[in-house]
Amino acid sequence: MTAEEVLDRARAAGVMIAAAESCTGGMVMAALTAVPGSSNVVERGFVTYSNDAKIQMLGVSPDTLAAHGAVSPEVAAEMAVGALEHSQAQLAVSITGIAGPGGSEHKPEGRVCFGVARRGKAVTLDVQDFGALGRAGVRSAARDHALALLGAALDQP
């Protein structure tokens with residue numbers, strides 16, 4: 001799904017969007033704000049690359065980070081909820097992953113965790129293993145998947 005399509009659906013639904021990004025470093029917000037007229041849909045973005053930023057800007061629990069690590073569905077959920085709580089948006093997506101190079105047996109390069117939070121609804125989580133596409137490839141794939149997740153959330157009543 002393109003950024004334009006996400007913006008059109010959000011506009012039609014009267015929904016403002018926020019994003020909490022780690023490994024993508026703001027690429028979702030960059031894609032959305034590259035489209036003229038996006039200011040009536042895009043509320044704000046958080047680039048929370050460090051654990052401290054996740055805690056300070058989004059309210060992610062240090063206990064969750066200690067128990068599961070930054071690249072986990074649990075942290076993605078807290079990031080998405082935090083983006084809603086610290087904005088006026090009605091819909092938020094979060095992204096935390098290992099763009100590479102590197103990784104481990106349990107968290108390989110290319111693993112990215114996503115959260116989608118919408119006011120009044122349960123958080124949905126998604127984990128993708130994009131594989132060792134290289135840093136730029138993983139980040140681009142994560143951006144595109146986040147846009148698709150936003151579009152899918154906007155398709156739901």
# chains A, B, ... in the order shown; residues from 1 in each chain; ligands from 1
call {"tool": "select_by_dssp", "arguments": {"residues": "chain A", "states": "strand (DSSP E or B)", "output": "MDAnalysis selection string"}}
result
chainID A and resid 17:21 42:47 91:97 111:118 124:129
call {"tool": "write_last_selection", "arguments": {"atoms": "N, CA and C atoms", "output": "JSON list (two decimals), in the first residue's frame"}}
result
[["chain", "number", "residue", "atom", "x", "y", "z"],
["A", 17, "ILE", "N", -2.86, 10.07, 12.23],
["A", 17, "ILE", "CA", -1.89, 8.98, 12.37],
["A", 17, "ILE", "C", -0.64, 9.46, 13.11],
["A", 18, "ALA", "N", -0.12, 8.57, 13.96],
["A", 18, "ALA", "CA", 1.18, 8.76, 14.61],
["A", 18, "ALA", "C", 2.01, 7.51, 14.35],
["A", 19, "ALA", "N", 3.33, 7.65, 14.48],
["A", 19, "ALA", "CA", 4.21, 6.50, 14.34],
["A", 19, "ALA", "C", 5.30, 6.57, 15.40],
["A", 20, "ALA", "N", 5.66, 5.40, 15.91],
["A", 20, "ALA", "CA", 6.79, 5.26, 16.83],
["A", 20, "ALA", "C", 7.78, 4.34, 16.14],
["A", 21, "GLU", "N", 8.90, 4.90, 15.72],
["A", 21, "GLU", "CA", 9.84, 4.15, 14.91],
["A", 21, "GLU", "C", 11.19, 4.00, 15.60],
["A", 42, "VAL", "N", -1.43, 13.41, 9.17],
["A", 42, "VAL", "CA", -0.26, 13.04, 9.97],
["A", 42, "VAL", "C", -0.22, 13.91, 11.22],
["A", 43, "GLU", "N", -0.26, 13.29, 12.40],
["A", 43, "GLU", "CA", -0.25, 14.03, 13.65],
["A", 43, "GLU", "C", 1.17, 14.22, 14.17],
["A", 44, "ARG", "N", 1.91, 13.14, 14.35],
["A", 44, "ARG", "CA", 3.32, 13.25, 14.78],
["A", 44, "ARG", "C", 4.01, 11.90, 14.68],
["A", 45, "GLY", "N", 5.34, 11.98, 14.71],
["A", 45, "GLY", "CA", 6.16, 10.78, 14.71],
["A", 45, "GLY", "C", 7.19, 10.84, 15.81],
["A", 46, "PHE", "N", 7.53, 9.69, 16.32],
["A", 46, "PHE", "CA", 8.54, 9.55, 17.36],
["A", 46, "PHE", "C", 9.64, 8.65, 16.82],
["A", 47, "VAL", "N", 10.87, 9.14, 16.79],
["A", 47, "VAL", "CA", 12.00, 8.28, 16.46],
["A", 47, "VAL", "C", 12.66, 7.96, 17.79],
["A", 91, "LEU", "N", -4.77, 6.62, 15.52],
["A", 91, "LEU", "CA", -4.16, 5.40, 15.00],
["A", 91, "LEU", "C", -2.64, 5.56, 15.04],
["A", 92, "ALA", "N", -1.97, 4.52, 15.54],
["A", 92, "ALA", "CA", -0.50, 4.57, 15.60],
["A", 92, "ALA", "C", 0.09, 3.23, 15.19],
["A", 93, "VAL", "N", 1.24, 3.31, 14.57],
["A", 93, "VAL", "CA", 2.00, 2.11, 14.24],
["A", 93, "VAL", "C", 3.36, 2.24, 14.91],
["A", 94, "SER", "N", 3.90, 1.10, 15.34],
["A", 94, "SER", "CA", 5.25, 1.08, 15.92],
["A", 94, "SER", "C", 6.09, 0.05, 15.18],
["A", 95, "ILE", "N", 7.39, 0.33, 15.18],
["A", 95, "ILE", "CA", 8.35, -0.53, 14.48],
["A", 95, "ILE", "C", 9.61, -0.64, 15.33],
["A", 96, "THR", "N", 10.03, -1.87, 15.62],
["A", 96, "THR", "CA", 11.29, -2.09, 16.30],
["A", 96, "THR", "C", 11.89, -3.38, 15.75],
["A", 97, "GLY", "N", 13.15, -3.31, 15.33],
["A", 97, "GLY", "CA", 13.71, -4.49, 14.70],
["A", 97, "GLY", "C", 15.22, -4.44, 14.57],
["A", 111, "ARG", "N", 14.56, -9.38, 11.49],
["A", 111, "ARG", "CA", 13.36, -9.54, 12.32],
["A", 111, "ARG", "C", 12.88, -8.16, 12.74],
["A", 112, "VAL", "N", 11.61, -7.91, 12.47],
["A", 112, "VAL", "CA", 11.01, -6.62, 12.82],
["A", 112, "VAL", "C", 9.66, -6.88, 13.46],
["A", 113, "CYS", "N", 9.42, -6.21, 14.59],
["A", 113, "CYS", "CA", 8.17, -6.32, 15.32],
["A", 113, "CYS", "C", 7.37, -5.04, 15.14],
["A", 114, "PHE", "N", 6.09, -5.20, 14.89],
["A", 114, "PHE", "CA", 5.19, -4.08, 14.63],
["A", 114, "PHE", "C", 4.03, -4.12, 15.63],
["A", 115, "GLY", "N", 3.56, -2.95, 15.99],
["A", 115, "GLY", "CA", 2.34, -2.82, 16.77],
["A", 115, "GLY", "C", 1.44, -1.81, 16.09],
["A", 116, "VAL", "N", 0.14, -2.07, 16.16],
["A", 116, "VAL", "CA", -0.84, -1.12, 15.65],
["A", 116, "VAL", "C", -1.85, -0.88, 16.76],
["A", 117, "ALA", "N", -1.99, 0.39, 17.13],
["A", 117, "ALA", "CA", -2.92, 0.75, 18.19],
["A", 117, "ALA", "C", -3.93, 1.74, 17.63],
["A", 118, "ARG", "N", -5.18, 1.51, 17.96],
["A", 118, "ARG", "CA", -6.26, 2.42, 17.57],
["A", 118, "ARG", "C", -7.09, 2.67, 18.80],
["A", 124, "THR", "N", -2.87, -4.67, 17.93],
["A", 124, "THR", "CA", -2.52, -5.84, 17.13],
["A", 124, "THR", "C", -1.02, -5.85, 16.93],
["A", 125, "LEU", "N", -0.47, -7.04, 16.90],
["A", 125, "LEU", "CA", 0.98, -7.22, 16.79],
["A", 125, "LEU", "C", 1.31, -8.05, 15.56],
["A", 126, "ASP", "N", 2.48, -7.82, 15.02],
["A", 126, "ASP", "CA", 2.93, -8.57, 13.86],
["A", 126, "ASP", "C", 4.45, -8.66, 13.91],
["A", 127, "VAL", "N", 4.97, -9.84, 13.64],
["A", 127, "VAL", "CA", 6.42, -10.04, 13.58],
["A", 127, "VAL", "C", 6.75, -10.56, 12.18],
["A", 128, "GLN", "N", 7.68, -9.88, 11.54],
["A", 128, "GLN", "CA", 8.12, -10.28, 10.21],
["A", 128, "GLN", "C", 9.60, -10.62, 10.24],
["A", 129, "ASP", "N", 9.96, -11.68, 9.57],
["A", 129, "ASP", "CA", 11.36, -12.02, 9.36],
["A", 129, "ASP", "C", 11.65, -11.76, 7.89]]
call {"tool": "select_by_dssp", "arguments": {"residues": "chain A", "states": "helix (DSSP H, G or I)", "output": "NGL selection string"}}
result
:A and (3-13 or 27-33 or 38-40 or 51-58 or 62-68 or 73-85 or 135-155)
call {"tool": "atom_distance", "arguments": {"atom1": "CA of Gln56 in chain A", "atom2": "CA of Gly69 in chain A"}}
result
16.2 Å
call {"tool": "closest_residue", "arguments": {"among": "A:Val81, A:Cys23, A:Ala3, A:Val138", "to": "Gly37 in chain A", "atoms": "only C-alpha atoms"}}
result
A:Ala3
call {"tool": "closest_residue", "arguments": {"among": "A:Gly59, A:Gly102, A:Pro73, A:Gly151", "to": "Val15 in chain A", "atoms": "only C-alpha atoms"}}
result
A:Gly151
call {"tool": "closest_residue", "arguments": {"among": "A:Thr24, A:Ser104, A:Met29, A:Pro157", "to": "Val41 in chain A", "atoms": "only C-alpha atoms"}}
result
A:Met29
call {"tool": "closest_residue", "arguments": {"among": "A:Ala146, A:Ala136, A:Ala70, A:Leu65", "to": "Ser22 in chain A", "atoms": "only C-alpha atoms"}}
result
A:Ala70
call {"tool": "closest_residue", "arguments": {"among": "A:Ala34, A:Ala13, A:Ala53, A:Ala67", "to": "Ala153 in chain A", "atoms": "only C-alpha atoms"}}
result
A:Ala13
call {"tool": "atom_distance", "arguments": {"atom1": "CA of His145 in chain A", "atom2": "CA of Ile55 in chain A"}}
result
24.4 Å
call {"tool": "atom_distance", "arguments": {"atom1": "CA of Leu150 in chain A", "atom2": "CA of Gln90 in chain A"}}
result
11.4 Å
call {"tool": "closest_residue", "arguments": {"among": "A:Gly110, A:Tyr49, A:Val75, A:Met16", "to": "Leu133 in chain A", "atoms": "only C-alpha atoms"}}
result
A:Gly110
